Structure formats: structure tokens, C-alpha cells
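The file coords.cif comes next; it holds mmCIF, C-alpha atoms.
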```cif
data_target
loop_
_atom_site.label_atom_id
_atom_site.label_comp_id
_atom_site.auth_asym_id
_atom_site.auth_seq_id
_atom_site.Cartn_x
_atom_site.Cartn_y
_atom_site.Cartn_z
CA MET A 375 111.61 86.62 76.96
CA ARG A 376 108.08 87.21 75.70
CA ARG A 377 106.61 84.66 78.12
CA LEU A 378 108.50 86.13 81.08
CA THR A 379 107.25 89.58 80.14
CA ARG A 380 103.69 88.27 79.84
CA ALA A 381 103.91 86.58 83.26
CA ALA A 382 105.20 89.84 84.78
CA ILE A 383 102.38 91.83 83.17
CA ILE A 384 99.81 89.36 84.52
CA ALA A 385 101.35 89.55 88.01
CA ALA A 386 101.33 93.36 87.90
CA ALA A 387 97.75 93.43 86.63
CA TYR A 388 96.67 91.07 89.41
CA ILE A 389 98.26 93.29 92.07
CA ALA A 390 96.86 96.47 90.52
CA LEU A 391 93.33 95.03 90.37
CA VAL A 392 93.50 93.80 93.98
CA PHE A 393 94.38 97.27 95.19
CA ALA A 394 92.16 99.20 92.80
CA PHE A 395 89.28 97.19 94.25
CA GLN A 396 90.77 96.69 97.72
CA PHE A 397 87.40 97.22 99.41
CA ALA A 398 86.17 94.02 97.76
CA SER A 399 89.44 92.04 97.58
CA PHE A 400 89.84 90.96 101.20
CA GLY A 401 87.52 89.66 103.86
CA PRO A 402 84.91 86.99 104.44
CA ILE A 403 82.79 88.45 101.65
CA GLN A 404 84.92 89.24 98.64
CA PHE A 405 84.65 89.89 94.96
CA ARG A 406 88.35 89.95 94.07
CA VAL A 407 88.22 91.37 90.54
CA ALA A 408 91.81 90.18 89.94
CA GLU A 409 90.50 86.61 90.03
CA ALA A 410 89.12 87.20 86.53
CA LEU A 411 92.73 86.60 85.44
CA THR A 412 92.68 83.05 86.82
CA LEU A 413 91.40 81.70 83.50
CA LEU A 414 94.42 83.03 81.58
CA PRO A 415 96.36 79.74 81.93
CA MET A 416 93.88 78.35 79.39
CA VAL A 417 95.58 80.56 76.79
CA TYR A 418 98.98 81.38 78.30
CA PRO A 419 100.81 78.73 80.37
CA GLU A 420 103.06 81.45 81.80
CA ALA A 421 99.99 82.94 83.44
CA ILE A 422 100.41 80.25 86.10
CA ALA A 423 103.54 82.00 87.40
CA GLY A 424 102.02 85.44 86.90
CA ILE A 425 98.94 84.63 88.95
CA TYR A 426 101.00 82.99 91.70
CA VAL A 427 103.42 85.92 92.00
CA GLY A 428 100.58 88.44 91.75
CA ALA A 429 98.56 86.71 94.48
CA LEU A 430 101.64 86.32 96.67
CA LEU A 431 102.60 89.99 96.47
CA ALA A 432 99.01 91.21 96.78
CA ASN A 433 98.54 89.07 99.89
CA VAL A 434 101.84 90.31 101.38
CA LEU A 435 100.63 93.87 100.92
CA GLY A 436 97.12 92.95 102.10
CA GLY A 437 98.28 92.56 105.68
CA TYR A 438 96.36 89.45 106.77
CA GLY A 439 99.42 87.44 107.71
CA PRO A 440 101.20 84.24 106.74
CA TRP A 441 98.10 82.11 106.21
CA ASP A 442 96.81 84.50 103.59
CA ILE A 443 100.24 85.13 102.09
CA PHE A 444 101.23 81.50 101.71
CA GLY A 445 97.88 79.73 101.85
CA GLY A 446 96.07 82.03 99.46
CA SER A 447 98.99 82.14 97.06
CA LEU A 448 99.30 78.35 97.00
CA VAL A 449 95.58 77.99 96.38
CA SER A 450 95.95 80.41 93.45
CA LEU A 451 98.89 78.38 92.15
CA LEU A 452 96.96 75.13 92.44
CA ALA A 453 93.91 76.65 90.71
CA ALA A 454 96.09 78.01 87.90
CA VAL A 455 97.74 74.61 87.37
CA VAL A 456 94.38 72.82 87.32
CA THR A 457 92.96 75.44 84.96
CA TYR A 458 95.89 74.91 82.60
CA ARG A 459 95.73 71.12 82.87
CA TYR A 460 92.01 71.09 81.99
CA ARG A 461 92.15 73.95 79.48
CA HIS A 462 90.38 71.77 76.90
CA GLN A 463 87.56 71.00 79.35
CA PRO A 464 86.13 74.45 80.07
CA VAL A 465 83.70 73.36 82.80
CA VAL A 466 86.54 71.95 84.91
CA ALA A 467 88.88 74.84 84.05
CA TYR A 468 86.28 77.47 84.99
CA ALA A 469 85.28 75.63 88.15
CA SER A 470 88.77 75.13 89.55
CA PRO A 471 89.45 78.70 90.76
CA ILE A 472 85.90 78.95 92.06
CA LEU A 473 85.81 75.70 94.03
CA LEU A 474 89.42 75.63 95.19
CA ASN A 475 89.18 79.16 96.57
CA ALA A 476 85.77 78.50 98.11
CA PHE A 477 86.82 75.35 99.95
CA LEU A 478 90.49 76.00 100.70
CA VAL A 479 90.69 79.75 101.34
CA SER A 480 87.69 79.39 103.65
CA LEU A 481 89.72 77.02 105.82
CA TYR A 482 92.00 79.78 107.05
CA LEU A 483 89.81 82.85 106.54
CA ARG A 484 87.44 81.35 109.08
CA PHE A 485 90.06 81.92 111.77
CA ILE A 486 91.40 85.25 110.51
CA PHE A 487 87.93 86.82 110.49
CA GLU A 488 86.41 84.65 113.24
CA VAL A 489 83.50 83.49 111.12
CA PRO A 490 81.51 80.86 113.06
CA SER A 491 80.49 78.75 110.06
CA TYR A 492 82.93 77.25 107.59
CA TRP A 493 80.09 76.44 105.19
CA LEU A 494 78.78 80.00 105.22
CA LEU A 495 82.27 81.17 104.32
CA VAL A 496 82.53 78.55 101.55
CA LEU A 497 79.27 79.88 100.13
CA SER A 498 80.37 83.51 100.44
CA ILE A 499 83.79 83.01 98.85
CA GLY A 500 82.34 80.67 96.22
CA VAL A 501 79.66 83.12 95.12
CA GLY A 502 82.18 85.96 94.92
CA GLN A 503 84.57 83.81 92.90
CA ALA A 504 81.80 82.62 90.58
CA VAL A 505 80.63 86.16 89.87
CA VAL A 506 84.14 87.34 89.04
CA VAL A 507 85.41 84.27 87.18
CA LEU A 508 82.27 83.69 85.15
CA GLY A 509 81.15 87.31 84.81
CA LEU A 510 84.52 88.90 84.04
CA GLY A 511 86.99 86.08 83.46
CA VAL A 512 85.07 84.18 80.79
CA PRO A 513 84.46 87.29 78.61
CA LEU A 514 88.13 88.29 79.05
CA LEU A 515 89.24 84.79 78.07
CA ARG A 516 87.02 84.75 74.99
CA PHE A 517 88.27 88.18 73.94
CA LEU A 518 91.91 87.10 74.29
CA GLN A 519 91.29 83.85 72.43
CA LYS A 520 89.82 85.80 69.50
CA ASN A 521 92.58 88.42 69.53
CA GLN A 522 95.54 86.37 70.70
CA ASP A 523 97.91 87.84 68.13
CA ARG A 524 97.14 91.43 69.13
CA PHE A 525 97.39 91.25 72.93
CA LEU A 526 100.01 90.15 75.41
#
```

What would you get if you wrote out this structure as C-alpha cells?
Amino acid sequence: MRRLTRAAIIAAAYIALVFAFQFASFGPIQFRVAEALTLLPMVYPEAIAGIYVGALLANVLGGYGPWDIFGGSLVSLLAAVVTYRYRHQPVVAYASPILLNAFLVSLYLRFIFEVPSYWLLVLSIGVGQAVVVLGLGVPLLRFLQKNQDRFL
């Protein structure tokens, strides 16, 4: 029951962060603050489900259609699984949500936002992901690792 509750809290936090920072959560240039949570599978395996459900519901409410709903959510699921799988190799774990979002989300965002260059979009999404994952996610992860018994 504790793991289910934790997954639900992570999903709710993801959704809340997407909409608290909605101005930066969608579009060809994005700094989706909720993506800081994508490193949580390194500590909590149930975060995989929480991130997937959170991304799915946030993208449903985001209004950019089926590609974003299903594509973006599946990319988040894949990144969470890879992050968990490589949790003992931090470089790979940290890089997975950055690179997977940069290369895969850009595939469909290019058509949603009619961006002429796939590579420009890869760069834009990648930089946004890197800033959030490394700048917010890594400190959050370290804090939770130190205080694992007190939180979630």
C-alpha cells in the first residue's frame, strides 16, 4: 500500500508541477519542472508508474492531442524504466530522461508546432531537460537519498 501511495503522490506532484509552470511545460522550447521527478526511479521503483501516469494525465490536460498524450507518456515511461535499470550508473540514469525526451519527443513536436528543423528541436528540448533534470532533479534525488526514511 505504501508503494501505491508513493506512486500516486509522484503522479499528482508531476501533474501539479506541469500546471503550476504551464507556461514552460509545453511547446518547442520547454523547461518542464516536473521532469525533475524523472530521477526518482533511482530511489523508488514505483516512481516509474507515478511518472507515467503523471505524464499521461498532464498531457491529456495539456491539449496537444494523441501524439503528445501517448507519445510523450511512453517516452516518460521508457526514460523512467531506463533510469531505474541504470540506477547504479548515475551518468546513464541522469542522461536517459534528457536524451530520450530530446530525440523522441522532438519527433512529434516538430509536426505539432511546425518547427522546420528536427535538430533545432532536439537541441531545444535537450537543453530544457538538462537544466531541469540536472539543476533540480539531481539535488532532489540527493536530498531524498539522504533522508529516505523521513520522506515519501

What is the distance, in Å and to one decimal place, between atom CA of A:Tyr418 and atom CA of A:Leu431?
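The value is 20.4 Å.
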
Between atom CA of A:Ala398 and atom CA of A:Arg380, what is the distance in Å, rounded to a tenth?
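Between these atoms lies a distance of 25.7 Å.
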
Residue with smallest distance to A:Ile425 - pool A:Ile486, A:Ala385, A:Val506, A:Val496, counting all atoms listed in the file:
A:Ala385

How many Å lie between atom CA of A:Ser498 and atom CA of A:Pro513, rounded to one decimal?
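Atom-to-atom, atom CA of A:Ser498 to atom CA of A:Pro513, that is 22.5 Å.
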
When you look at A:Gly511 with a cut-off of 7 Å (counting only C-alpha atoms), what residues show up, excluding the ones that are within fewer than 5 positions of it in the same chain? I need them as a list in words.
Ala410, Leu411, Leu413 and Val506 of chain A

Nearest residue to A:Ala386 from the set A:Ile403, A:Val455, A:Val449, A:Ala429 (distances using all atoms listed in the file):
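Once distances to A:Ala386 are computed over all atoms listed in the file, the minimum belongs to A:Ala429.
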
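With the shown file loaded, the PyMOL selection byres ((chain A and resi 436) around 12) picks out Ile389, Val392, Phe393, Phe395, Gln396, Phe397, Ala398, Ser399, Phe400, Gly401, Gly428, Ala429, Leu430, Leu431, Ala432, Asn433, Val434, Leu435, Gly437, Tyr438, Gly439, Pro440, Trp441, Asp442, Ile443 and Gly446 of chain A.
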
Counting only C-alpha atoms, which residues come within 12 Å of (77.8, 82.6, 98.7), with the point read in the file's coordinates, and could you list them as an MDAnalysis selection string?
chainID A and resid 402:405 472:473 476:477 480 492:505

Could you get me a file of stretch 483-520 of chain A with N, CA and C atoms, as a PDB file, in the first residue's frame, taken from the block above?
```
ATOM      1  N   LEU A 483       6.812  16.607 -31.782  1.00  0.00           N
ATOM      2  CA  LEU A 483       6.607  18.045 -31.550  1.00  0.00           C
ATOM      3  C   LEU A 483       6.910  18.862 -32.801  1.00  0.00           C
ATOM      4  N   ARG A 484       7.792  18.342 -33.609  1.00  0.00           N
ATOM      5  CA  ARG A 484       8.147  19.032 -34.855  1.00  0.00           C
ATOM      6  C   ARG A 484       6.914  19.283 -35.708  1.00  0.00           C
ATOM      7  N   PHE A 485       5.994  18.334 -35.717  1.00  0.00           N
ATOM      8  CA  PHE A 485       4.789  18.466 -36.533  1.00  0.00           C
ATOM      9  C   PHE A 485       3.680  19.218 -35.806  1.00  0.00           C
ATOM     10  N   ILE A 486       3.601  19.065 -34.496  1.00  0.00           N
ATOM     11  CA  ILE A 486       2.580  19.787 -33.729  1.00  0.00           C
ATOM     12  C   ILE A 486       2.827  21.287 -33.796  1.00  0.00           C
ATOM     13  N   PHE A 487       4.082  21.698 -33.667  1.00  0.00           N
ATOM     14  CA  PHE A 487       4.416  23.122 -33.631  1.00  0.00           C
ATOM     15  C   PHE A 487       5.026  23.628 -34.930  1.00  0.00           C
ATOM     16  N   GLU A 488       5.065  22.779 -35.940  1.00  0.00           N
ATOM     17  CA  GLU A 488       5.571  23.136 -37.268  1.00  0.00           C
ATOM     18  C   GLU A 488       6.948  23.788 -37.208  1.00  0.00           C
ATOM     19  N   VAL A 489       7.844  23.132 -36.506  1.00  0.00           N
ATOM     20  CA  VAL A 489       9.232  23.587 -36.409  1.00  0.00           C
ATOM     21  C   VAL A 489       9.989  23.007 -37.601  1.00  0.00           C
ATOM     22  N   PRO A 490      10.675  23.836 -38.383  1.00  0.00           N
ATOM     23  CA  PRO A 490      11.308  23.351 -39.611  1.00  0.00           C
ATOM     24  C   PRO A 490      12.500  22.417 -39.399  1.00  0.00           C
ATOM     25  N   SER A 491      13.162  22.493 -38.255  1.00  0.00           N
ATOM     26  CA  SER A 491      14.371  21.706 -38.060  1.00  0.00           C
ATOM     27  C   SER A 491      14.227  20.755 -36.867  1.00  0.00           C
ATOM     28  N   TYR A 492      14.299  19.478 -37.159  1.00  0.00           N
ATOM     29  CA  TYR A 492      14.270  18.466 -36.106  1.00  0.00           C
ATOM     30  C   TYR A 492      15.442  18.677 -35.143  1.00  0.00           C
ATOM     31  N   TRP A 493      16.618  18.946 -35.666  1.00  0.00           N
ATOM     32  CA  TRP A 493      17.813  19.062 -34.836  1.00  0.00           C
ATOM     33  C   TRP A 493      17.764  20.280 -33.926  1.00  0.00           C
ATOM     34  N   LEU A 494      17.149  21.356 -34.388  1.00  0.00           N
ATOM     35  CA  LEU A 494      16.973  22.528 -33.540  1.00  0.00           C
ATOM     36  C   LEU A 494      16.044  22.192 -32.372  1.00  0.00           C
ATOM     37  N   LEU A 495      15.019  21.419 -32.664  1.00  0.00           N
ATOM     38  CA  LEU A 495      14.085  20.994 -31.624  1.00  0.00           C
ATOM     39  C   LEU A 495      14.758  20.032 -30.644  1.00  0.00           C
ATOM     40  N   VAL A 496      15.578  19.125 -31.150  1.00  0.00           N
ATOM     41  CA  VAL A 496      16.339  18.212 -30.280  1.00  0.00           C
ATOM     42  C   VAL A 496      17.200  19.045 -29.320  1.00  0.00           C
ATOM     43  N   LEU A 497      17.864  20.036 -29.836  1.00  0.00           N
ATOM     44  CA  LEU A 497      18.707  20.904 -29.010  1.00  0.00           C
ATOM     45  C   LEU A 497      17.862  21.647 -27.972  1.00  0.00           C
ATOM     46  N   SER A 498      16.759  22.207 -28.391  1.00  0.00           N
ATOM     47  CA  SER A 498      15.888  22.974 -27.505  1.00  0.00           C
ATOM     48  C   SER A 498      15.323  22.105 -26.381  1.00  0.00           C
ATOM     49  N   ILE A 499      14.766  20.965 -26.737  1.00  0.00           N
ATOM     50  CA  ILE A 499      14.189  20.073 -25.733  1.00  0.00           C
ATOM     51  C   ILE A 499      15.306  19.511 -24.846  1.00  0.00           C
ATOM     52  N   GLY A 500      16.420  19.153 -25.441  1.00  0.00           N
ATOM     53  CA  GLY A 500      17.540  18.605 -24.678  1.00  0.00           C
ATOM     54  C   GLY A 500      18.094  19.575 -23.654  1.00  0.00           C
ATOM     55  N   VAL A 501      18.251  20.830 -24.043  1.00  0.00           N
ATOM     56  CA  VAL A 501      18.767  21.837 -23.107  1.00  0.00           C
ATOM     57  C   VAL A 501      17.773  22.046 -21.956  1.00  0.00           C
ATOM     58  N   GLY A 502      16.496  22.148 -22.291  1.00  0.00           N
ATOM     59  CA  GLY A 502      15.477  22.313 -21.253  1.00  0.00           C
ATOM     60  C   GLY A 502      15.474  21.144 -20.277  1.00  0.00           C
ATOM     61  N   GLN A 503      15.543  19.937 -20.827  1.00  0.00           N
ATOM     62  CA  GLN A 503      15.577  18.732 -19.990  1.00  0.00           C
ATOM     63  C   GLN A 503      16.823  18.721 -19.114  1.00  0.00           C
ATOM     64  N   ALA A 504      17.964  19.042 -19.695  1.00  0.00           N
ATOM     65  CA  ALA A 504      19.219  19.024 -18.944  1.00  0.00           C
ATOM     66  C   ALA A 504      19.177  20.011 -17.781  1.00  0.00           C
ATOM     67  N   VAL A 505      18.670  21.197 -18.031  1.00  0.00           N
ATOM     68  CA  VAL A 505      18.586  22.207 -16.972  1.00  0.00           C
ATOM     69  C   VAL A 505      17.717  21.698 -15.822  1.00  0.00           C
ATOM     70  N   VAL A 506      16.566  21.132 -16.158  1.00  0.00           N
ATOM     71  CA  VAL A 506      15.640  20.681 -15.121  1.00  0.00           C
ATOM     72  C   VAL A 506      16.146  19.422 -14.415  1.00  0.00           C
ATOM     73  N   VAL A 507      16.560  18.428 -15.189  1.00  0.00           N
ATOM     74  CA  VAL A 507      16.996  17.161 -14.597  1.00  0.00           C
ATOM     75  C   VAL A 507      18.263  17.349 -13.766  1.00  0.00           C
ATOM     76  N   LEU A 508      19.233  18.037 -14.314  1.00  0.00           N
ATOM     77  CA  LEU A 508      20.498  18.208 -13.599  1.00  0.00           C
ATOM     78  C   LEU A 508      20.423  19.300 -12.530  1.00  0.00           C
ATOM     79  N   GLY A 509      19.704  20.374 -12.844  1.00  0.00           N
ATOM     80  CA  GLY A 509      19.635  21.508 -11.917  1.00  0.00           C
ATOM     81  C   GLY A 509      18.662  21.318 -10.765  1.00  0.00           C
ATOM     82  N   LEU A 510      17.558  20.609 -11.005  1.00  0.00           N
ATOM     83  CA  LEU A 510      16.564  20.385  -9.956  1.00  0.00           C
ATOM     84  C   LEU A 510      16.481  18.913  -9.536  1.00  0.00           C
ATOM     85  N   GLY A 511      16.531  18.027 -10.516  1.00  0.00           N
ATOM     86  CA  GLY A 511      16.365  16.605 -10.242  1.00  0.00           C
ATOM     87  C   GLY A 511      17.496  15.998  -9.430  1.00  0.00           C
ATOM     88  N   VAL A 512      18.724  16.321  -9.778  1.00  0.00           N
ATOM     89  CA  VAL A 512      19.869  15.758  -9.051  1.00  0.00           C
ATOM     90  C   VAL A 512      19.862  16.219  -7.592  1.00  0.00           C
ATOM     91  N   PRO A 513      19.688  17.512  -7.290  1.00  0.00           N
ATOM     92  CA  PRO A 513      19.617  17.909  -5.877  1.00  0.00           C
ATOM     93  C   PRO A 513      18.429  17.257  -5.135  1.00  0.00           C
ATOM     94  N   LEU A 514      17.287  17.130  -5.801  1.00  0.00           N
ATOM     95  CA  LEU A 514      16.139  16.461  -5.193  1.00  0.00           C
ATOM     96  C   LEU A 514      16.483  15.005  -4.885  1.00  0.00           C
ATOM     97  N   LEU A 515      17.090  14.332  -5.840  1.00  0.00           N
ATOM     98  CA  LEU A 515      17.481  12.936  -5.660  1.00  0.00           C
ATOM     99  C   LEU A 515      18.446  12.789  -4.483  1.00  0.00           C
ATOM    100  N   ARG A 516      19.442  13.627  -4.427  1.00  0.00           N
ATOM    101  CA  ARG A 516      20.430  13.553  -3.337  1.00  0.00           C
ATOM    102  C   ARG A 516      19.777  13.806  -1.976  1.00  0.00           C
ATOM    103  N   PHE A 517      18.865  14.761  -1.942  1.00  0.00           N
ATOM    104  CA  PHE A 517      18.139  15.052  -0.705  1.00  0.00           C
ATOM    105  C   PHE A 517      17.320  13.839  -0.260  1.00  0.00           C
ATOM    106  N   LEU A 518      16.610  13.221  -1.188  1.00  0.00           N
ATOM    107  CA  LEU A 518      15.795  12.057  -0.849  1.00  0.00           C
ATOM    108  C   LEU A 518      16.644  10.853  -0.453  1.00  0.00           C
ATOM    109  N   GLN A 519      17.782  10.687  -1.100  1.00  0.00           N
ATOM    110  CA  GLN A 519      18.669   9.585  -0.735  1.00  0.00           C
ATOM    111  C   GLN A 519      19.189   9.745   0.699  1.00  0.00           C
ATOM    112  N   LYS A 520      19.491  10.974   1.079  1.00  0.00           N
ATOM    113  CA  LYS A 520      19.967  11.243   2.446  1.00  0.00           C
ATOM    114  C   LYS A 520      18.862  11.070   3.484  1.00  0.00           C
TER     115      LYS A 520
END
```
